[in-house]
file data-v4.csv (CSV, N, CA and C atoms)
chain,number,residue,atom,x,y,z
A,5,MET,N,0.3,17.9,-11.4
A,5,MET,CA,0.0,17.3,-10.1
A,5,MET,C,1.1,16.2,-9.7
A,6,ALA,N,1.5,16.2,-8.5
A,6,ALA,CA,2.6,15.3,-8.1
A,6,ALA,C,2.0,13.8,-8.1
A,7,ARG,N,3.0,12.9,-8.3
A,7,ARG,CA,2.6,11.5,-8.4
A,7,ARG,C,3.4,10.8,-7.3
A,8,TYR,N,2.8,9.8,-6.7
A,8,TYR,CA,3.4,9.0,-5.6
A,8,TYR,C,3.2,7.5,-5.9
A,9,LYS,N,3.9,6.7,-5.1
A,9,LYS,CA,3.8,5.3,-5.3
A,9,LYS,C,3.6,4.7,-3.9
A,10,ILE,N,2.6,3.8,-3.8
A,10,ILE,CA,2.5,3.0,-2.6
A,10,ILE,C,3.4,1.8,-2.8
A,11,VAL,N,4.3,1.5,-1.8
A,11,VAL,CA,5.2,0.4,-1.9
A,11,VAL,C,4.9,-0.5,-0.7
A,12,TYR,N,4.5,-1.8,-1.0
A,12,TYR,CA,4.0,-2.7,0.0
A,12,TYR,C,4.8,-4.0,0.1
A,13,ASP,N,5.4,-4.2,1.2
A,13,ASP,CA,6.2,-5.4,1.5
A,13,ASP,C,5.2,-6.4,2.1
A,14,ARG,N,4.6,-7.2,1.2
A,14,ARG,CA,3.5,-8.2,1.6
A,14,ARG,C,4.0,-9.2,2.6
A,15,GLU,N,5.3,-9.6,2.4
A,15,GLU,CA,5.9,-10.7,3.3
A,15,GLU,C,5.9,-10.2,4.7
A,16,ALA,N,6.1,-8.9,4.9
A,16,ALA,CA,6.1,-8.3,6.3
A,16,ALA,C,4.8,-8.2,7.0
A,17,CYS,N,3.7,-8.3,6.2
A,17,CYS,CA,2.3,-8.1,6.7
A,17,CYS,C,2.0,-9.2,7.8
A,18,ILE,N,1.4,-8.7,8.9
A,18,ILE,CA,1.0,-9.6,10.0
A,18,ILE,C,-0.5,-9.7,10.1
A,19,ALA,N,-1.2,-9.2,9.1
A,19,ALA,CA,-2.7,-9.3,9.0
A,19,ALA,C,-3.4,-8.6,10.1
A,20,ALA,N,-2.9,-7.5,10.5
A,20,ALA,CA,-3.6,-6.6,11.5
A,20,ALA,C,-4.8,-6.0,10.8
A,21,PHE,N,-4.7,-5.8,9.5
A,21,PHE,CA,-5.7,-5.2,8.6
A,21,PHE,C,-6.1,-3.7,9.0
A,22,SER,N,-5.2,-3.0,9.7
A,22,SER,CA,-5.3,-1.6,10.0
A,22,SER,C,-5.5,-0.8,8.8
A,23,CYS,N,-4.7,-1.2,7.8
A,23,CYS,CA,-4.7,-0.5,6.5
A,23,CYS,C,-6.1,-0.6,5.8
A,24,VAL,N,-6.7,-1.8,5.9
A,24,VAL,CA,-8.0,-2.0,5.3
A,24,VAL,C,-9.0,-1.1,6.0
A,25,GLN,N,-9.0,-1.0,7.3
A,25,GLN,CA,-9.9,-0.1,8.0
A,25,GLN,C,-9.7,1.4,7.7
A,26,GLU,N,-8.4,1.7,7.5
A,26,GLU,CA,-8.1,3.1,7.2
A,26,GLU,C,-8.4,3.5,5.8
A,27,ALA,N,-8.1,2.6,4.8
A,27,ALA,CA,-8.2,3.0,3.4
A,27,ALA,C,-8.7,1.8,2.6
A,28,PRO,N,-10.0,1.5,2.7
A,28,PRO,CA,-10.5,0.3,2.0
A,28,PRO,C,-10.5,0.5,0.5
A,29,GLN,N,-10.3,1.7,0.0
A,29,GLN,CA,-10.2,1.9,-1.4
A,29,GLN,C,-8.8,1.4,-2.0
A,30,PHE,N,-7.9,1.2,-1.1
A,30,PHE,CA,-6.6,0.7,-1.5
A,30,PHE,C,-6.3,-0.8,-1.0
A,31,TRP,N,-6.9,-1.2,0.1
A,31,TRP,CA,-6.6,-2.4,0.7
A,31,TRP,C,-7.8,-3.3,0.9
A,32,VAL,N,-7.6,-4.6,0.8
A,32,VAL,CA,-8.6,-5.6,1.0
A,32,VAL,C,-8.0,-6.8,1.8
A,33,GLU,N,-8.8,-7.3,2.7
A,33,GLU,CA,-8.4,-8.5,3.5
A,33,GLU,C,-8.3,-9.7,2.7
A,34,ASN,N,-7.2,-10.5,2.8
A,34,ASN,CA,-7.1,-11.8,2.2
A,34,ASN,C,-7.0,-12.8,3.3
A,35,GLN,N,-8.1,-13.2,3.8
A,35,GLN,CA,-8.2,-14.1,5.0
A,35,GLN,C,-7.5,-15.4,4.7
A,36,GLU,N,-7.6,-15.9,3.5
A,36,GLU,CA,-7.1,-17.2,3.1
A,36,GLU,C,-5.6,-17.2,3.3
A,37,GLU,N,-4.9,-16.1,2.9
A,37,GLU,CA,-3.4,-16.1,3.1
A,37,GLU,C,-3.0,-15.3,4.3
A,38,ALA,N,-3.9,-14.7,5.1
A,38,ALA,CA,-3.6,-13.9,6.3
A,38,ALA,C,-2.7,-12.8,5.9
A,39,LYS,N,-3.1,-12.0,4.9
A,39,LYS,CA,-2.3,-10.9,4.4
A,39,LYS,C,-3.3,-9.9,3.9
A,40,ALA,N,-2.9,-8.6,3.8
A,40,ALA,CA,-3.7,-7.6,3.1
A,40,ALA,C,-3.2,-7.6,1.7
A,41,ASP,N,-4.1,-7.3,0.8
A,41,ASP,CA,-3.8,-7.1,-0.6
A,41,ASP,C,-3.9,-5.7,-1.1
A,42,LEU,N,-3.0,-5.2,-1.8
A,42,LEU,CA,-3.0,-3.8,-2.4
A,42,LEU,C,-3.8,-3.9,-3.6
A,43,GLN,N,-5.0,-3.3,-3.6
A,43,GLN,CA,-5.9,-3.3,-4.8
A,43,GLN,C,-5.2,-2.6,-6.0
A,44,GLY,N,-5.1,-3.2,-7.1
A,44,GLY,CA,-4.5,-2.6,-8.3
A,44,GLY,C,-2.9,-2.6,-8.2
A,45,GLY,N,-2.4,-3.3,-7.2
A,45,GLY,CA,-0.9,-3.3,-7.1
A,45,GLY,C,-0.3,-4.3,-8.0
A,46,GLN,N,0.9,-3.9,-8.5
A,46,GLN,CA,1.7,-4.7,-9.4
A,46,GLN,C,2.9,-5.2,-8.7
A,47,PHE,N,3.3,-6.5,-8.8
A,47,PHE,CA,4.5,-7.0,-8.2
A,47,PHE,C,5.7,-6.5,-8.9
A,48,ASN,N,6.7,-6.0,-8.1
A,48,ASN,CA,8.0,-5.6,-8.6
A,48,ASN,C,9.0,-6.7,-8.3
A,49,ASP,N,9.5,-7.4,-9.3
A,49,ASP,CA,10.4,-8.5,-9.1
A,49,ASP,C,11.7,-8.1,-8.5
A,50,ALA,N,12.2,-6.9,-8.8
A,50,ALA,CA,13.5,-6.4,-8.3
A,50,ALA,C,13.4,-6.1,-6.8
A,51,SER,N,12.3,-5.5,-6.4
A,51,SER,CA,12.2,-5.1,-5.0
A,51,SER,C,11.4,-6.1,-4.1
A,52,LYS,N,10.8,-7.0,-4.8
A,52,LYS,CA,9.9,-8.0,-4.1
A,52,LYS,C,8.8,-7.3,-3.4
A,53,THR,N,8.3,-6.2,-3.9
A,53,THR,CA,7.2,-5.5,-3.3
A,53,THR,C,6.1,-5.3,-4.3
A,54,PHE,N,4.9,-5.0,-3.8
A,54,PHE,CA,3.8,-4.6,-4.6
A,54,PHE,C,3.7,-3.1,-4.6
A,55,GLU,N,3.4,-2.6,-5.8
A,55,GLU,CA,3.4,-1.1,-6.0
A,55,GLU,C,2.2,-0.7,-6.8
A,56,ARG,N,1.8,0.5,-6.4
A,56,ARG,CA,0.7,1.2,-7.1
A,56,ARG,C,0.9,2.7,-7.1
A,57,GLU,N,0.8,3.2,-8.3
A,57,GLU,CA,0.9,4.7,-8.4
A,57,GLU,C,-0.4,5.4,-8.0
A,58,ILE,N,-0.3,6.5,-7.4
A,58,ILE,CA,-1.4,7.3,-7.0
A,58,ILE,C,-1.1,8.8,-7.3
A,59,ASP,N,-2.1,9.6,-7.2
A,59,ASP,CA,-1.9,11.0,-7.4
A,59,ASP,C,-2.0,11.8,-6.1
A,60,GLU,N,-1.8,13.0,-6.1
A,60,GLU,CA,-1.8,13.8,-4.9
A,60,GLU,C,-3.1,13.8,-4.2
A,61,SER,N,-4.2,13.7,-4.9
A,61,SER,CA,-5.5,13.7,-4.3
A,61,SER,C,-5.7,12.5,-3.5
A,62,GLN,N,-5.0,11.4,-3.7
A,62,GLN,CA,-5.1,10.2,-2.9
A,62,GLN,C,-4.0,10.0,-1.8
A,63,LEU,N,-3.1,11.0,-1.8
A,63,LEU,CA,-2.0,10.9,-0.9
A,63,LEU,C,-2.3,10.8,0.6
A,64,GLU,N,-3.2,11.7,1.1
A,64,GLU,CA,-3.6,11.7,2.5
A,64,GLU,C,-4.1,10.4,3.0
A,65,VAL,N,-5.0,9.8,2.3
A,65,VAL,CA,-5.6,8.5,2.7
A,65,VAL,C,-4.5,7.4,2.6
A,66,ALA,N,-3.7,7.4,1.6
A,66,ALA,CA,-2.7,6.4,1.4
A,66,ALA,C,-1.7,6.5,2.6
A,67,GLN,N,-1.3,7.7,2.9
A,67,GLN,CA,-0.3,7.9,4.0
A,67,GLN,C,-0.9,7.5,5.3
A,68,ARG,N,-2.2,7.7,5.5
A,68,ARG,CA,-2.8,7.2,6.8
A,68,ARG,C,-2.7,5.7,6.9
A,69,SER,N,-2.9,5.0,5.7
A,69,SER,CA,-2.8,3.5,5.8
A,69,SER,C,-1.4,3.1,6.1
A,70,ALA,N,-0.4,3.8,5.6
A,70,ALA,CA,1.0,3.5,5.9
A,70,ALA,C,1.3,3.8,7.4
A,71,ASP,N,0.7,4.9,7.9
A,71,ASP,CA,1.0,5.3,9.3
A,71,ASP,C,0.5,4.3,10.3
A,72,VAL,N,-0.7,3.6,10.0
A,72,VAL,CA,-1.3,2.7,11.0
A,72,VAL,C,-0.7,1.3,10.9
A,73,CYS,N,0.1,1.0,9.9
A,73,CYS,CA,0.6,-0.4,9.8
A,73,CYS,C,1.6,-0.6,10.9
A,74,PRO,N,1.3,-1.7,11.8
A,74,PRO,CA,2.1,-1.9,12.9
A,74,PRO,C,3.5,-2.4,12.6
A,75,VAL,N,3.7,-2.9,11.4
A,75,VAL,CA,5.1,-3.4,11.1
A,75,VAL,C,5.7,-2.6,10.0
A,76,GLN,N,5.1,-1.5,9.6
A,76,GLN,CA,5.7,-0.6,8.7
A,76,GLN,C,6.0,-1.2,7.3
A,77,ALA,N,5.0,-2.1,6.9
A,77,ALA,CA,5.1,-2.8,5.6
A,77,ALA,C,4.7,-1.9,4.4
A,78,ILE,N,4.2,-0.7,4.7
A,78,ILE,CA,3.7,0.2,3.6
A,78,ILE,C,4.5,1.5,3.7
A,79,LYS,N,5.0,1.8,2.5
A,79,LYS,CA,5.7,3.1,2.4
A,79,LYS,C,5.0,3.9,1.2
A,80,ILE,N,5.1,5.2,1.4
A,80,ILE,CA,4.6,6.1,0.3
A,80,ILE,C,5.9,6.8,-0.2
A,81,VAL,N,6.1,6.8,-1.5
A,81,VAL,CA,7.3,7.3,-2.1
A,81,VAL,C,6.9,8.4,-3.2
A,82,LYS,N,7.4,9.5,-3.1
A,82,LYS,CA,7.1,10.6,-4.1
A,82,LYS,C,8.0,10.2,-5.4
A,83,LEU,N,7.3,10.2,-6.5
A,83,LEU,CA,8.0,10.0,-7.8
A,83,LEU,C,8.5,11.3,-8.3
A,84,GLU,N,9.6,11.1,-9.1
A,84,GLU,CA,10.2,12.3,-9.7
A,84,GLU,C,9.3,13.0,-10.6
A,85,ASP,N,9.3,14.3,-10.7
A,85,ASP,CA,8.5,15.1,-11.6
A,85,ASP,C,9.0,15.0,-13.0

call {"tool": "encode", "arguments": {"input": "data-v4.csv", "output": "structure tokens"}}
result
Amino acid sequence: MARYKIVYDREACIAAFSCVQEAPQFWVENQEEAKADLQGGQFNDASKTFEREIDESQLEVAQRSADVCPVQAIKIVKLED
């Protein structure tokens, strides 16, 4: 089964929380910081993004959360097989 990675630029987030509405299994509102948080995401020091690996069964929902982000802070990247 193919593997993918959610890549989230949290600094670009404007707290529209469209991602939370679309995919609450991946995203949660952080009202205190006015940002969305990627549940289970790990910070990548090199890219300054939060990342979380997902499998193909989660791809459709994750992609929808990326598609509704008004500032395109969420990307879905296919990992090499």

call {"tool": "select_by_dssp", "arguments": {"input": "data-v4.csv", "residues": "chain A", "states": "strand (DSSP E)", "output": "count of residues only"}}
result
29

call {"tool": "closest_residue", "arguments": {"input": "data-v4.csv", "among": "A:Lys79, A:Ala20, A:Gln25, A:Asp13", "to": "A:Glu57", "atoms": "only C-alpha atoms"}}
result
A:Lys79

call {"tool": "residues_around", "arguments": {"input": "data-v4.csv", "residues": "stretch 41-50 of chain A", "least_positions_apart": "5", "cutoff": "6.5 Å", "atoms": "all atoms listed in the file", "output": "list in words"}}
result
Gln29, Phe30, Trp31, Val32, Glu33, Asn34, Glu55 and Arg56 of chain A

call {"tool": "atom_distance", "arguments": {"input": "data-v4.csv", "atom1": "atom N of A:Phe54", "atom2": "atom CA of A:Tyr12"}}
result
4.5 Å

call {"tool": "closest_residue", "arguments": {"input": "data-v4.csv", "among": "A:Ile58, A:Ala40, A:Leu83, A:Met5", "to": "A:Val24", "atoms": "only N, CA and C atoms"}}
result
A:Ala40

call {"tool": "atom_distance", "arguments": {"input": "data-v4.csv", "atom1": "atom CA of A:Gln35", "atom2": "atom CA of A:Asp59"}}
result
28.7 Å

call {"tool": "residues_around", "arguments": {"input": "data-v4.csv", "residues": "stretch 72-78 of chain A", "least_positions_apart": "2", "cutoff": "7 Å", "atoms": "only N, CA and C atoms", "output": "list of chain:residue names"}}
result
A:Ile10, A:Val11, A:Tyr12, A:Asp13, A:Arg14, A:Ala16, A:Cys17, A:Ile18, A:Ala20, A:Ser22, A:Cys23, A:Gln67, A:Arg68, A:Ser69, A:Ala70, A:Ile80

call {"tool": "atom_distance", "arguments": {"input": "data-v4.csv", "atom1": "atom CA of A:Arg7", "atom2": "atom CA of A:Ala19"}}
result
27.6 Å

call {"tool": "select_by_dssp", "arguments": {"input": "data-v4.csv", "residues": "stretch 22-83 of chain A", "states": "alpha helix (DSSP H)", "output": "VMD selection string"}}
result
chain A and resid 22 to 26 60 to 71

call {"tool": "residues_around", "arguments": {"input": "data-v4.csv", "residues": "A:Glu84", "least_positions_apart": "3", "cutoff": "8 Å", "atoms": "all atoms listed in the file", "output": "JSON, numbers by chain"}}
result
{"A": [6, 7, 8, 81]}

call {"tool": "decode", "arguments": {"input": "data-v4.csv", "residues": "stretch 50-73 of chain A", "atoms": "N, CA and C atoms", "output": "compact mmCIF listing (two decimals), in the first residue's frame"}}
result
# COMPACT_ATOMS: atom_id res chain seq x y z
N ALA A 50 14.46 20.82 9.51
CA ALA A 50 15.03 21.21 8.23
C ALA A 50 14.04 22.02 7.38
N SER A 51 12.80 21.56 7.32
CA SER A 51 11.81 22.24 6.48
C SER A 51 10.94 23.22 7.25
N LYS A 52 11.05 23.20 8.58
CA LYS A 52 10.23 24.05 9.46
C LYS A 52 8.73 23.80 9.26
N THR A 53 8.39 22.54 9.01
CA THR A 53 7.00 22.14 8.84
C THR A 53 6.68 21.00 9.79
N PHE A 54 5.39 20.79 10.01
CA PHE A 54 4.93 19.62 10.74
C PHE A 54 4.56 18.55 9.73
N GLU A 55 4.89 17.29 10.04
CA GLU A 55 4.66 16.20 9.10
C GLU A 55 4.03 15.01 9.81
N ARG A 56 3.21 14.30 9.05
CA ARG A 56 2.60 13.08 9.56
C ARG A 56 2.43 12.11 8.39
N GLU A 57 2.91 10.90 8.57
CA GLU A 57 2.73 9.89 7.54
C GLU A 57 1.33 9.30 7.63
N ILE A 58 0.77 9.03 6.46
CA ILE A 58 -0.55 8.40 6.36
C ILE A 58 -0.48 7.30 5.31
N ASP A 59 -1.49 6.45 5.29
CA ASP A 59 -1.52 5.43 4.25
C ASP A 59 -2.60 5.78 3.22
N GLU A 60 -2.68 4.97 2.20
CA GLU A 60 -3.58 5.24 1.09
C GLU A 60 -5.04 5.32 1.51
N SER A 61 -5.42 4.59 2.55
CA SER A 61 -6.80 4.62 3.01
C SER A 61 -7.19 5.97 3.61
N GLN A 62 -6.20 6.77 4.01
CA GLN A 62 -6.45 8.08 4.61
C GLN A 62 -6.25 9.23 3.62
N LEU A 63 -5.80 8.89 2.42
CA LEU A 63 -5.41 9.91 1.45
C LEU A 63 -6.55 10.84 1.04
N GLU A 64 -7.70 10.30 0.74
CA GLU A 64 -8.80 11.13 0.24
C GLU A 64 -9.19 12.22 1.23
N VAL A 65 -9.35 11.86 2.48
CA VAL A 65 -9.72 12.84 3.51
C VAL A 65 -8.59 13.85 3.72
N ALA A 66 -7.37 13.38 3.78
CA ALA A 66 -6.24 14.29 3.96
C ALA A 66 -6.14 15.27 2.80
N GLN A 67 -6.35 14.78 1.59
CA GLN A 67 -6.28 15.65 0.41
C GLN A 67 -7.37 16.70 0.44
N ARG A 68 -8.56 16.32 0.90
CA ARG A 68 -9.64 17.31 1.00
C ARG A 68 -9.26 18.41 1.99
N SER A 69 -8.61 18.05 3.08
CA SER A 69 -8.21 19.08 4.05
C SER A 69 -7.18 20.03 3.43
N ALA A 70 -6.32 19.51 2.59
CA ALA A 70 -5.34 20.37 1.89
C ALA A 70 -6.05 21.26 0.87
N ASP A 71 -7.01 20.69 0.17
CA ASP A 71 -7.71 21.43 -0.88
C ASP A 71 -8.51 22.62 -0.34
N VAL A 72 -9.04 22.51 0.87
CA VAL A 72 -9.86 23.60 1.41
C VAL A 72 -9.05 24.67 2.15
N CYS A 73 -7.77 24.46 2.33
CA CYS A 73 -6.94 25.46 3.03
C CYS A 73 -6.82 26.71 2.16
